[in-house]
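**Student:** Here it is: the structure, laid out below.
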Amino acid sequence: MSPPLLACRGLTVSIGGKTVVSGLDLTLGSGACLVILGRNGAGKTTLLSTLAGLRVPDAGTVELDGQGYAALTPRAAARLRGWLSQHPVDAFPATVLETVLMGRHPHLSRWAWEGAEDHALAHAALKETGLEAFAARALATLSGGERQRVAIATLLVQQPRVWLLDEPLTHLDLNHQIAMLELFRQRMRTEHTAAVMVLHDLNLAARYADQALLLHDDGRFDLGPAREVLTPERLTRLYGHPLREITDGGGRWFVPEARSIEAGLNDA
Amino acid sequence: MPAHRRALLIILLLALAAGVSLLVALGAGSLGLSPTQVHDALLGGGDPVARQVVQELRLPRALAAFACGGLLALAGALMQVLLRNPLADPYVLGISGGAAVGALGVMLLGVGSTFGIQAAAFVGALTAMGLVFGLAHGDGSWTQTRLLLTGVIVASGCGAAVALMLSIAPEHQLRGMLFWLMGDASQAGDPSVPLLLLLAGLLTALAFARELNLLTRGPQFAATLGIQVARLRGLLYFLASGLTALAVTSVGSVGFIGLVVPHLMRLALGNDQRLLLPAATLAGGILLTLADTLARTLIAPRQLPVGVLTALIGVPVFLFLLARAPQREQT
């Protein structure tokens, strides 16, 4: 049997003296989608960057496809996991196509230039993210949502097996939010990948994730199948604001109660 | 046209322009020579006086100017990636300041030989480079802001030391010191070392060019795509500083080439380092060769410091680019 795509055992992560998680055991196989929820500053990004191997955990191990980051070269790791960052940087001018092609880097040898296949992948990714008309545009001229889709297209051409997505829906309008989540889901099925997403939209989380991780303060967490973890009681405790669940057919929606913010904070 | 063909074509055109600029430099002067005469003189034929002027005077100087222009432009392009700031120049981290302190220091002590001044300048540049690296690296964080701040502070310290030396220097040494500070190719010496090291530096940089492209989009982005960011930035720092030290040692602190040339090439050709680095190197070489030719012919037989000319050319070009840049982003 092949090893899980992403596994961590006894993972403890902290930042600035604050424990994000303590003793986290997690296994993601092909097609699995985990959503991470938590308040601002709960350490969602910190945990995600630890899973990406960009931070060393305080304790425990992270393995990609059965190997720890120490055993993987950075290039090999880049072919296994991709990360969608919250803050893309563009100090220098670049076109959309150039930026998306950068995702091919871990697949190319040192002196190689991107070939016809790489260009075909990039154009396909631009098409899937609704950016086919933007290939020659300068990045600086795009809107926030368009840039977010450029970042997603870059991740598509990187073709990682584990997708680490830090707020992938930032700046996206409603139709693109759904389109991107559908795209992730379709890719997970056809390319047997797994995804970990930080989301703020509870309803989209309930609809697209099959596992959920709730990060409370001081390292406590709830982890399990999304259907069991995403309950109004637990989410109310997580956010310190009362939430009500509304069901309709197979779907579930969480609606915040109209109650003063102060009352919610006092509960926490 | 595929990107690599376009790049090759542009590099070939620039190499051709570099050949032309060297021909101009070899032909221009009090003894004006046609390209045919230059050709004969280079191959050891033709008029013996022309042969001597070309082979012993003009060729070494033109090649040294070319090499140093290339070194400065390449170092500037690398420094801009390292600091992720398109307005960084090779001197921003204090390399030229350190070299100036070394060179002026030994001039003040009465050392007149080119070799002595060059050696002192090189030691000064390396000292500044080590100092900035050590201080910026101190707590292991090695962030861009810390590096830039440390460099700027070391540079201003060197500036104060230079001002001090200028103010206490005897009258007859002042002219030589000022020429050194403004950049002067007449004392460049043997061009083969800078040329060879320029080639080695360019090849090293090109081996990492795609990684540099990723680094311009941020260290985190680069790291997730498989780049060892700390190692790459260390390499960038030592390569850019080393190339700068070499250039400053040969021709003094010639300004603006390291800032304007990479910037100009970026506006014209885009930010792909695989094309930008060799293009900037060639264009920097061309610009300094032509500027040095002007410096020794404009008011001949007197010579102007070449750094003044590059700045006089560079300032308006740069202001023009800066005024144009926002319009370009909107198209």
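A note on labels: chains of the structure tokens are A, B, ... as shown, every chain counts residues from 1, and ligands are counted from 1 in their shown order.
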If the cut-off is 6 Å, can you tell me the residues of chain A near chain B, counting only C-alpha atoms? I'd like them as a ChimeraX atom specification.

**Tutor:** /A:74-75,78,89-90

**Student:** Output C-alpha atoms for every residue in that selection, as a PDB file, in the first residue's frame.

**Tutor:**
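result-v3.pdb, written as the output of this step:
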```pdb
ATOM      1  CA  PRO A  74      13.917  21.214  -2.004  1.00  0.00           C
ATOM      2  CA  ARG A  75      13.230  20.459  -5.669  1.00  0.00           C
ATOM      3  CA  ALA A  78       8.423  21.260  -4.693  1.00  0.00           C
ATOM      4  CA  VAL A  89       4.994  39.946  -4.037  1.00  0.00           C
ATOM      5  CA  ASP A  90       5.603  41.886  -7.214  1.00  0.00           C
TER       6      ASP A  90
END
```

**Student:** Can you tell me which residues surround Ala240 of chain B at a distance of at most 12 Å, considering only C-alpha atoms, apart from same-chain residues fewer than 6 positions away, and format the answer as a PyMOL selection string?

**Tutor:** chain B and resi 70-83+88-93+95+125-126+129+198+201-202+204-205+232-234+246-247+258+277

**Student:** For the contact check between segment 159-216 of chain A and segment 40-43 of chain A, emit one row per residue of segment 159-216 of chain A within 10 Å, containing the shortest atom pair and the distance in Å rounded to one decimal, counting only C-alpha atoms, chain then rising number order, as a tab-separated table.

**Tutor:**
```
residue	atom	partner	partner_atom	distance
A:His200	CA	A:Asn40	CA	9.7
A:Leu214	CA	A:Ala42	CA	9.6
A:Leu215	CA	A:Ala42	CA	6.4
A:His216	CA	A:Ala42	CA	6.9
```

**Student:** What's the 10 Å shell around Pro301 of chain B, counting only C-alpha atoms, without same-chain residues fewer than 5 positions away, as a ChimeraX atom specification?

**Tutor:** /B:29-30,296

**Student:** Restricted to N, CA and C atoms, what would the selected residues look like written as an mmCIF file, in the first residue's frame?

**Tutor:**
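Resulting contents of again.cif:
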```
data_model
loop_
_atom_site.group_PDB
_atom_site.id
_atom_site.type_symbol
_atom_site.label_atom_id
_atom_site.label_comp_id
_atom_site.auth_asym_id
_atom_site.auth_seq_id
_atom_site.Cartn_x
_atom_site.Cartn_y
_atom_site.Cartn_z
ATOM 1 N N GLY B 29 40.351 59.665 -31.164
ATOM 2 C CA GLY B 29 41.430 60.250 -30.380
ATOM 3 C C GLY B 29 42.204 61.255 -31.207
ATOM 4 N N SER B 30 43.303 61.772 -30.620
ATOM 5 C CA SER B 30 44.089 62.771 -31.321
ATOM 6 C C SER B 30 44.608 62.208 -32.642
ATOM 7 N N ARG B 296 38.030 61.025 -22.946
ATOM 8 C CA ARG B 296 39.409 61.366 -23.326
ATOM 9 C C ARG B 296 39.483 62.148 -24.629
#
```

**Student:** As a VMD selection string, which residues of segment 45-157 of chain A does DSSP assign to alpha helix (DSSP H)?

**Tutor:** chain A and resid 45 to 51 74 to 80 96 to 101 116 to 128 144 to 157

**Student:** Write the residues of the selection above to a file with C-alpha atoms, as a PDB file, in the first residue's frame.

**Tutor:**
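Now in part19.pdb:
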```pdb
ATOM      1  CA  THR A  45      -0.831  30.217   8.268  1.00  0.00           C
ATOM      2  CA  THR A  46       1.924  29.158  10.669  1.00  0.00           C
ATOM      3  CA  LEU A  47       0.589  25.607  10.736  1.00  0.00           C
ATOM      4  CA  LEU A  48       0.236  25.572   6.956  1.00  0.00           C
ATOM      5  CA  SER A  49       3.815  26.773   6.464  1.00  0.00           C
ATOM      6  CA  THR A  50       5.006  24.030   8.823  1.00  0.00           C
ATOM      7  CA  LEU A  51       3.149  21.487   6.694  1.00  0.00           C
ATOM      8  CA  PRO A  74      13.917  21.214  -2.004  1.00  0.00           C
ATOM      9  CA  ARG A  75      13.230  20.459  -5.669  1.00  0.00           C
ATOM     10  CA  ALA A  76      11.721  17.055  -4.906  1.00  0.00           C
ATOM     11  CA  ALA A  77       9.575  18.624  -2.190  1.00  0.00           C
ATOM     12  CA  ALA A  78       8.423  21.260  -4.693  1.00  0.00           C
ATOM     13  CA  ARG A  79       7.179  18.511  -6.997  1.00  0.00           C
ATOM     14  CA  LEU A  80       5.186  17.006  -4.107  1.00  0.00           C
ATOM     15  CA  VAL A  96       0.807  36.809 -16.403  1.00  0.00           C
ATOM     16  CA  LEU A  97       2.222  34.065 -18.633  1.00  0.00           C
ATOM     17  CA  GLU A  98       5.786  34.548 -17.289  1.00  0.00           C
ATOM     18  CA  THR A  99       4.513  34.314 -13.740  1.00  0.00           C
ATOM     19  CA  VAL A 100       2.479  31.179 -14.368  1.00  0.00           C
ATOM     20  CA  LEU A 101       5.428  29.510 -16.148  1.00  0.00           C
ATOM     21  CA  ALA A 116       6.168  23.688 -25.800  1.00  0.00           C
ATOM     22  CA  GLU A 117       4.718  21.299 -23.206  1.00  0.00           C
ATOM     23  CA  ASP A 118       5.262  23.771 -20.393  1.00  0.00           C
ATOM     24  CA  HIS A 119       3.586  26.486 -22.441  1.00  0.00           C
ATOM     25  CA  ALA A 120       0.664  24.168 -23.185  1.00  0.00           C
ATOM     26  CA  LEU A 121       0.274  23.475 -19.443  1.00  0.00           C
ATOM     27  CA  ALA A 122       0.419  27.183 -18.653  1.00  0.00           C
ATOM     28  CA  HIS A 123      -2.191  28.063 -21.261  1.00  0.00           C
ATOM     29  CA  ALA A 124      -4.444  25.257 -20.034  1.00  0.00           C
ATOM     30  CA  ALA A 125      -4.100  26.566 -16.462  1.00  0.00           C
ATOM     31  CA  LEU A 126      -4.923  30.105 -17.607  1.00  0.00           C
ATOM     32  CA  LYS A 127      -8.000  28.767 -19.353  1.00  0.00           C
ATOM     33  CA  GLU A 128      -9.135  26.860 -16.274  1.00  0.00           C
ATOM     34  CA  GLY A 144      -6.731  41.514  -6.593  1.00  0.00           C
ATOM     35  CA  GLY A 145      -9.042  38.686  -7.617  1.00  0.00           C
ATOM     36  CA  GLU A 146      -7.333  38.290 -10.982  1.00  0.00           C
ATOM     37  CA  ARG A 147      -3.946  38.094  -9.275  1.00  0.00           C
ATOM     38  CA  GLN A 148      -5.274  35.466  -6.929  1.00  0.00           C
ATOM     39  CA  ARG A 149      -6.290  33.422  -9.966  1.00  0.00           C
ATOM     40  CA  VAL A 150      -2.809  33.909 -11.460  1.00  0.00           C
ATOM     41  CA  ALA A 151      -1.396  32.421  -8.240  1.00  0.00           C
ATOM     42  CA  ILE A 152      -3.809  29.489  -8.527  1.00  0.00           C
ATOM     43  CA  ALA A 153      -2.841  28.963 -12.188  1.00  0.00           C
ATOM     44  CA  THR A 154       0.833  28.933 -11.130  1.00  0.00           C
ATOM     45  CA  LEU A 155       0.022  26.210  -8.645  1.00  0.00           C
ATOM     46  CA  LEU A 156      -1.819  24.237 -11.340  1.00  0.00           C
ATOM     47  CA  VAL A 157       1.274  24.123 -13.586  1.00  0.00           C
TER      48      VAL A 157
END
```

**Student:** When you count only C-alpha atoms, which of these residues is closest to Leu165 of chain A: A:Gly53, A:Leu199, A:Arg110, A:Gly115?

**Tutor:**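 That would be A:Leu199, the residue with the smallest distance to Leu165 of chain A.
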
**Student:** Counting only C-alpha atoms, figure out which residue out of A:Ile15, A:Ala7, A:Ala32, A:Leu164 gets nearest to Gly60 of chain A.

**Tutor:**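 Going through A:Ile15, A:Ala7, A:Ala32, A:Leu164 one by one, the smallest distance to Gly60 of chain A is for A:Ala7.
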